[in-house]
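**Student:** Got a structure for you, protein-v5.cif, holding mmCIF, C-alpha atoms and all ligand atoms.
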data_start
#
loop_
_atom_site.label_atom_id
_atom_site.label_comp_id
_atom_site.auth_asym_id
_atom_site.auth_seq_id
_atom_site.Cartn_x
_atom_site.Cartn_y
_atom_site.Cartn_z
CA MET A 1305 33.18 -117.94 78.40
CA VAL A 1306 32.23 -118.64 82.05
CA SER A 1307 32.22 -115.51 84.18
CA GLU A 1308 34.43 -115.20 87.28
CA GLU A 1309 31.81 -112.96 88.93
CA LYS A 1310 30.04 -114.15 92.06
CA LYS A 1311 26.70 -115.69 91.09
CA ILE A 1312 23.47 -114.65 92.72
CA ARG A 1313 20.59 -117.03 93.31
CA ILE A 1314 17.38 -116.22 91.49
CA ALA A 1315 13.92 -117.75 91.20
CA VAL A 1316 11.80 -117.44 88.09
CA LEU A 1317 8.00 -117.38 88.46
CA ALA A 1318 6.12 -118.29 85.29
CA SER A 1319 2.54 -119.20 84.39
CA GLY A 1320 2.86 -120.02 80.71
CA SER A 1321 5.17 -120.95 77.88
CA GLY A 1322 8.36 -119.76 79.54
CA THR A 1323 10.29 -118.50 76.53
CA ASN A 1324 11.74 -115.72 78.69
CA LEU A 1325 12.77 -118.35 81.23
CA GLU A 1326 14.50 -120.17 78.36
CA ALA A 1327 16.42 -117.01 77.39
CA ILE A 1328 17.46 -116.40 81.01
CA ALA A 1329 18.48 -120.04 81.53
CA ARG A 1330 20.64 -119.97 78.39
CA ALA A 1331 22.26 -116.68 79.43
CA ALA A 1332 23.01 -118.18 82.86
CA GLU A 1333 24.45 -121.38 81.40
CA SER A 1334 26.69 -119.51 78.97
CA GLY A 1335 28.04 -117.30 81.76
CA GLU A 1336 26.59 -114.19 80.10
CA ILE A 1337 24.81 -113.36 83.37
CA PRO A 1338 26.23 -114.25 86.82
CA VAL A 1339 23.20 -116.08 88.18
CA GLU A 1340 22.12 -119.52 89.25
CA ILE A 1341 18.42 -120.25 88.76
CA SER A 1342 17.67 -121.99 92.06
CA LEU A 1343 14.00 -122.54 91.44
CA VAL A 1344 11.24 -122.20 88.86
CA LEU A 1345 7.88 -121.72 90.49
CA SER A 1346 4.47 -121.75 88.81
CA ASP A 1347 0.82 -121.33 89.73
CA ASN A 1348 -0.14 -123.47 86.72
CA PRO A 1349 0.70 -127.19 86.59
CA GLN A 1350 0.29 -127.14 82.78
CA ALA A 1351 2.83 -124.35 82.28
CA TYR A 1352 5.36 -125.34 79.63
CA ALA A 1353 7.84 -123.27 81.64
CA LEU A 1354 8.01 -126.23 84.07
CA VAL A 1355 9.06 -128.57 81.24
CA ARG A 1356 11.70 -126.09 80.10
CA ALA A 1357 13.03 -125.83 83.65
CA GLU A 1358 13.35 -129.60 83.92
CA LYS A 1359 15.26 -129.71 80.63
CA HIS A 1360 17.73 -127.26 82.17
CA ASN A 1361 17.89 -129.33 85.41
CA ILE A 1362 16.34 -126.52 87.42
CA PRO A 1363 14.21 -127.54 90.44
CA THR A 1364 10.50 -126.74 90.02
CA LYS A 1365 7.58 -126.15 92.37
CA CYS A 1366 3.93 -125.61 91.59
CA PHE A 1367 1.54 -123.85 93.96
CA LEU A 1368 -2.19 -124.08 93.24
CA ILE A 1369 -4.17 -121.25 94.74
CA SER A 1370 -7.11 -123.66 95.25
CA ASP A 1371 -4.96 -125.65 97.70
CA PHE A 1372 -4.82 -122.70 100.10
CA PRO A 1373 -7.48 -121.26 102.41
CA SER A 1374 -6.74 -117.67 101.35
CA ARG A 1375 -4.72 -115.52 99.00
CA GLU A 1376 -2.56 -114.50 101.97
CA ALA A 1377 -1.75 -118.14 102.76
CA PHE A 1378 -0.85 -118.78 99.10
CA ASP A 1379 1.51 -115.79 99.01
CA LYS A 1380 3.07 -116.74 102.34
CA ALA A 1381 3.78 -120.28 101.11
CA ILE A 1382 5.51 -118.88 98.03
CA ALA A 1383 7.49 -116.38 100.11
CA ASP A 1384 8.60 -119.21 102.45
CA GLU A 1385 9.70 -121.33 99.47
CA LEU A 1386 11.72 -118.45 98.00
CA SER A 1387 13.35 -117.73 101.36
CA ALA A 1388 14.16 -121.41 101.92
CA ALA A 1389 15.88 -121.51 98.51
CA GLY A 1390 18.05 -118.55 99.52
CA VAL A 1391 16.78 -116.50 96.60
CA GLU A 1392 18.21 -112.98 96.21
CA LEU A 1393 16.13 -111.89 93.21
CA VAL A 1394 12.64 -112.96 92.14
CA VAL A 1395 12.07 -112.77 88.38
CA LEU A 1396 8.51 -112.74 87.07
CA ALA A 1397 8.45 -114.06 83.52
CA GLY A 1398 4.88 -114.28 82.28
CA TYR A 1399 3.61 -114.80 85.84
CA MET A 1400 -0.03 -113.86 85.51
CA LYS A 1401 -0.88 -113.21 89.16
CA LEU A 1402 -0.39 -110.09 91.22
CA VAL A 1403 2.43 -110.67 93.66
CA GLY A 1404 0.98 -110.35 97.13
CA GLY A 1405 1.88 -108.78 100.47
CA GLU A 1406 4.21 -111.29 102.10
CA ILE A 1407 6.33 -111.77 98.95
CA LEU A 1408 6.48 -108.01 98.36
CA SER A 1409 7.49 -107.12 101.90
CA ARG A 1410 10.17 -109.82 102.11
CA PHE A 1411 11.66 -109.06 98.69
CA LYS A 1412 11.28 -105.28 98.46
CA ASN A 1413 13.09 -103.95 95.37
CA ARG A 1414 14.18 -107.53 94.68
CA ILE A 1415 11.27 -108.58 92.42
CA MET A 1416 11.42 -107.81 88.69
CA ASN A 1417 8.74 -108.08 86.04
CA ILE A 1418 8.78 -107.86 82.27
CA HIS A 1419 5.87 -106.28 80.47
CA PRO A 1420 5.17 -106.36 76.71
CA ALA A 1421 4.39 -102.63 76.31
CA LEU A 1422 5.90 -99.26 77.21
CA LEU A 1423 4.58 -98.67 80.72
CA PRO A 1424 2.72 -96.76 82.04
CA SER A 1425 0.76 -97.38 78.82
CA PHE A 1426 -1.15 -100.63 78.49
CA PRO A 1427 -0.62 -102.35 81.85
CA GLY A 1428 -2.32 -105.65 82.71
CA THR A 1429 -2.52 -109.04 81.11
CA HIS A 1430 -3.17 -107.95 77.49
CA GLY A 1431 -0.50 -105.31 76.88
CA VAL A 1432 0.18 -106.37 73.30
CA ARG A 1433 -3.50 -106.56 72.29
CA ASP A 1434 -4.40 -103.30 74.04
CA ALA A 1435 -1.58 -101.38 72.31
CA LEU A 1436 -2.58 -102.82 68.92
CA GLU A 1437 -6.27 -102.00 69.43
CA TYR A 1438 -5.39 -98.44 70.45
CA GLY A 1439 -3.48 -98.01 67.19
CA VAL A 1440 -0.06 -97.00 68.50
CA LYS A 1441 2.79 -96.88 65.98
CA VAL A 1442 5.39 -97.77 68.61
CA SER A 1443 5.06 -100.18 71.51
CA GLY A 1444 7.86 -101.93 73.34
CA VAL A 1445 9.17 -103.73 76.38
CA THR A 1446 9.49 -102.59 80.00
CA VAL A 1447 11.45 -104.27 82.78
CA HIS A 1448 10.55 -102.87 86.18
CA PHE A 1449 10.70 -103.57 89.88
CA VAL A 1450 7.41 -104.77 91.31
CA ASP A 1451 5.45 -102.75 93.86
CA GLU A 1452 1.91 -103.13 95.19
CA GLY A 1453 0.30 -101.69 92.04
CA LEU A 1454 -0.48 -103.30 88.70
CA ASP A 1455 2.67 -102.80 86.58
CA THR A 1456 3.46 -99.54 88.39
CA GLY A 1457 6.90 -100.15 89.96
CA PRO A 1458 10.15 -98.30 89.22
CA ILE A 1459 11.26 -98.76 85.61
CA ILE A 1460 14.66 -100.41 85.05
CA LEU A 1461 14.93 -100.68 81.25
CA GLN A 1462 12.68 -99.91 78.30
CA GLU A 1463 13.03 -100.41 74.58
CA ALA A 1464 10.72 -99.39 71.77
CA VAL A 1465 9.36 -101.87 69.21
CA PRO A 1466 7.70 -100.62 66.00
CA VAL A 1467 4.13 -101.59 65.16
CA TYR A 1468 3.61 -102.24 61.45
CA ASP A 1469 0.47 -102.02 59.33
CA GLY A 1470 -0.92 -105.51 59.13
CA ASP A 1471 0.44 -106.63 62.50
CA ASP A 1472 -1.80 -108.87 64.53
CA GLU A 1473 -1.30 -109.76 68.19
CA GLU A 1474 0.91 -112.71 67.29
CA THR A 1475 3.27 -110.93 64.88
CA LEU A 1476 3.70 -107.96 67.22
CA HIS A 1477 4.24 -110.21 70.23
CA GLN A 1478 6.90 -112.14 68.33
CA ARG A 1479 8.78 -108.90 67.60
CA ILE A 1480 8.40 -107.86 71.25
CA HIS A 1481 9.63 -111.26 72.44
CA GLN A 1482 12.90 -110.84 70.53
CA VAL A 1483 13.58 -107.65 72.51
CA GLU A 1484 12.50 -109.28 75.79
CA TYR A 1485 15.03 -112.10 75.38
CA ARG A 1486 17.81 -109.48 75.25
CA LEU A 1487 16.49 -106.92 77.77
CA TYR A 1488 15.57 -109.26 80.63
CA PRO A 1489 19.00 -110.94 80.93
CA LEU A 1490 20.58 -107.47 80.79
CA ALA A 1491 18.40 -106.16 83.65
CA ILE A 1492 19.18 -109.28 85.71
CA LYS A 1493 22.89 -108.83 85.03
CA LEU A 1494 22.76 -105.18 86.19
CA PHE A 1495 21.03 -106.29 89.40
CA ALA A 1496 23.55 -109.07 89.99
CA GLN A 1497 26.37 -106.57 89.57
CA GLY A 1498 24.78 -104.29 92.20
CA ARG A 1499 24.29 -101.54 89.62
CA LEU A 1500 20.57 -100.82 90.15
CA LYS A 1501 19.73 -98.21 92.78
CA VAL A 1502 16.11 -97.34 93.55
CA GLU A 1503 15.91 -93.71 94.62
CA GLY A 1504 12.63 -91.81 95.02
CA GLY A 1505 10.69 -94.26 92.86
CA ARG A 1506 13.27 -94.16 90.05
CA VAL A 1507 16.00 -96.57 89.12
CA ARG A 1508 19.50 -95.20 88.67
CA ILE A 1509 21.89 -97.43 86.74
CA ILE A 1510 25.41 -97.13 88.07
CA PRO A 1511 27.97 -97.18 85.24
CA ALA A 1512 30.31 -100.16 85.17
CA GLU A 1513 33.78 -99.43 86.60
CA ASP A 1514 35.35 -99.78 83.19
CA GLU A 1515 32.79 -97.56 81.43
C1 LIG B 1 5.91 -112.05 77.89
O1 LIG B 1 5.76 -111.41 76.66
C2 LIG B 1 5.74 -111.08 79.04
O2 LIG B 1 6.16 -109.78 78.71
C3 LIG B 1 4.26 -111.14 79.26
O3 LIG B 1 3.93 -112.48 79.11
C4 LIG B 1 4.77 -113.06 78.13
C5 LIG B 1 5.28 -114.37 78.66
O4 LIG B 1 5.92 -115.08 77.65
N1 LIG B 1 3.93 -110.66 80.56
C6 LIG B 1 2.82 -109.96 80.82
O5 LIG B 1 1.98 -109.70 80.00
C7 LIG B 1 2.72 -109.49 82.26
N2 LIG B 1 1.67 -108.56 82.42
P1 LIG B 1 6.79 -116.36 78.00
O6 LIG B 1 5.97 -117.25 78.95
O7 LIG B 1 7.03 -117.04 76.70
O8 LIG B 1 8.05 -115.89 78.66
#
What is this structure when it is put down as C-alpha cells?

**Tutor:**
Amino acid sequence: MVSEEKKIRIAVLASGSGTNLEAIARAAESGEIPVEISLVLSDNPQAYALVRAEKHNIPTKCFLISDFPSREAFDKAIADELSAAGVELVVLAGYMKLVGGEILSRFKNRIMNIHPALLPSFPGTHGVRDALEYGVKVSGVTVHFVDEGLDTGPIILQEAVPVYDGDDEETLHQRIHQVEYRLYPLAIKLFAQGRLKVEGGRVRIIPAEDE
C-alpha cells in the first residue's frame, strides 16, 4: 500500500555495510514510512552501503576527510550537500564519525542515530562488544537525536534484546540488528508525522490522532 501522507526528504549517512539503510529503503519503497531518501552519503568509498543505495536508485556522495584541510571544512561540505539536497532529516546508520559543528547547528533536533546498546550504557563504536564483555543479561537498541556528545542526545525509542549464554559479538549483533530494522523505520515515521517533540532534553511522542 502506498501512503497518501506527504513525504519528507531524508539523507542517510553510513560508513559500513548499510543493512539499516536497506531496511529504511525497503520501508520507504513499500510506503510503510512517508519518506524519500534523497541522498546516501559516506565517509568511506568502500562502504557497501553505497552499493545498496545504487541498487535502490538513490543518489550517493562520498566525502573523504583527507580531501579537506580541516575537520571543520569536512563538516561544512557535508552540511552544504545536505542543505542543497533539501534534506529535512539526517539519519545516521552505522556512520562511524562524530557529527560536527556545522551539521549539528544547521540540523538541530533533525539528526537521528541508532546505537546497538541501551544508552547511556555502552556508548561509542563497540557497543555490542562492550555490553558482552561487561556480562549484561539484557542489551538492546537505542534511537536518539544527536547532540554534541558521544551518543548522549535525547532518546526517541529503546527496545531490550536478551543476551544468551554462549553469545559472541556476531550472534548478539544479529539479534540486535533484527530489532534495529524495525525500530529505525518506526522512529523515522514518527518524525515524518511530526510526532516527536524535544522538551527539556527528553523526547515526547505525540499520540496519533486515531489512537
Ligand atoms: C548498527 O548495528 C548500528 O547500531 C551501529 O552500527 C551498525 C551498522 O550496521 N552503530 C554504532 O555502533 C554507532 N555507534 P549497518 O551498516 O549494517 O546498518

**Student:** For Val1403 (chain A), which residue out of A:Ala1357, A:Ala1318, A:Ile1341, A:Ala1329 is the nearest one, using all atoms listed in the file?

**Tutor:**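 Closest residue, counting all atoms listed in the file: A:Ala1318.
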
**Student:** Which residue out of A:Val1391, A:Val1450, A:Ile1369, A:Leu1386 has the minimum interatomic distance to ligand LIG 1 (chain B) when all atoms listed in the file are used?

**Tutor:** A:Val1450

**Student:** Using only C-alpha atoms and all ligand atoms, what are the residues with an atom within 9 Å of ligand LIG 1 (chain B), set out as a ChimeraX atom specification?

**Tutor:** /A:1318-1327,1351-1353,1396-1401,1417-1421,1427-1432,1445-1447,1454-1455,1477-1478,1480-1481,1484-1485

**Student:** Please report the interatomic distance between CA of His1448 (chain A) and CA of Pro1489 (chain A) in Å with one decimal.

**Tutor:**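 Distance reported for this atom pair: 12.8 Å.
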
**Student:** Which value, in Å to one decimal, gives the distance between CA of Gly1470 (chain A) and CA of Arg1486 (chain A)?

**Tutor:**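 Distance reported for this atom pair: 25.0 Å.
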
**Student:** Could you check the closest approach to Leu1490 (chain A) for each of A:Val1465, A:Leu1422, A:Ile1509, A:Val1344 and tell me which residue wins, using all atoms listed in the file?

**Tutor:**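 Closest to Leu1490 (chain A), using all atoms listed in the file: A:Ile1509.
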
**Student:** Taking all atoms listed in the file into account, name the residue in A:Ala1389, A:Val1395, A:Val1440, A:Val1507 that is nearest to Pro1363 (chain A).

**Tutor:**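 The closest residue to Pro1363 (chain A) is A:Ala1389.
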
**Student:** Could you work out how far CA of Ala1383 (chain A) lies from CA of Arg1508 (chain A), giving the answer in Å with one decimal?

**Tutor:**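 Atom-to-atom, CA of Arg1508 (chain A) and CA of Ala1383 (chain A) are spaced 26.9 Å apart.
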
**Student:** A:Glu1392, A:Glu1513, A:Glu1452, A:Glu1437: which is nearest Phe1495 (chain A), counting all atoms listed in the file?

**Tutor:**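 Distance minimum relative to Phe1495 (chain A) lands on A:Glu1392.
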
**Student:** Could you check the closest approach to Ala1512 (chain A) for each of A:Gln1497, A:Ser1387, A:Val1394, A:Ile1459 and tell me which residue wins, using all atoms listed in the file?

**Tutor:** A:Gln1497

**Student:** I'd like the contact shell of Glu1340 (chain A) - 9 Å cut-off, only C-alpha atoms, skipping same-chain residues fewer than 4 positions apart - returned as a list of chain:residue names.

**Tutor:**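 My list of contacting residues is A:Lys1311, A:Ile1312, A:Arg1313, A:Ile1314, A:Ala1315, A:Ala1329, A:Ala1332, A:Glu1333.
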
**Student:** Identify, on the basis of all atoms listed in the file, every residue whose closest approach to Arg1479 (chain A) does not exceed 10 Å; exclude the query and any residue fewer than 3 positions from it along the same chain; express the result as a short mmCIF file (atom, residue, chain, number, x, y, z; two decimals) with C-alpha atoms, keeping the file's coordinate frame.

**Tutor:**
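out_1.cif, freshly written:
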data_model
loop_
_atom_site.label_atom_id
_atom_site.label_comp_id
_atom_site.auth_asym_id
_atom_site.auth_seq_id
_atom_site.Cartn_x
_atom_site.Cartn_y
_atom_site.Cartn_z
CA GLY A 1444 7.86 -101.93 73.34
CA VAL A 1465 9.36 -101.87 69.21
CA PRO A 1466 7.70 -100.62 66.00
CA VAL A 1467 4.13 -101.59 65.16
CA GLU A 1474 0.91 -112.71 67.29
CA THR A 1475 3.27 -110.93 64.88
CA LEU A 1476 3.70 -107.96 67.22
CA GLN A 1482 12.90 -110.84 70.53
CA VAL A 1483 13.58 -107.65 72.51
CA GLU A 1484 12.50 -109.28 75.79
#
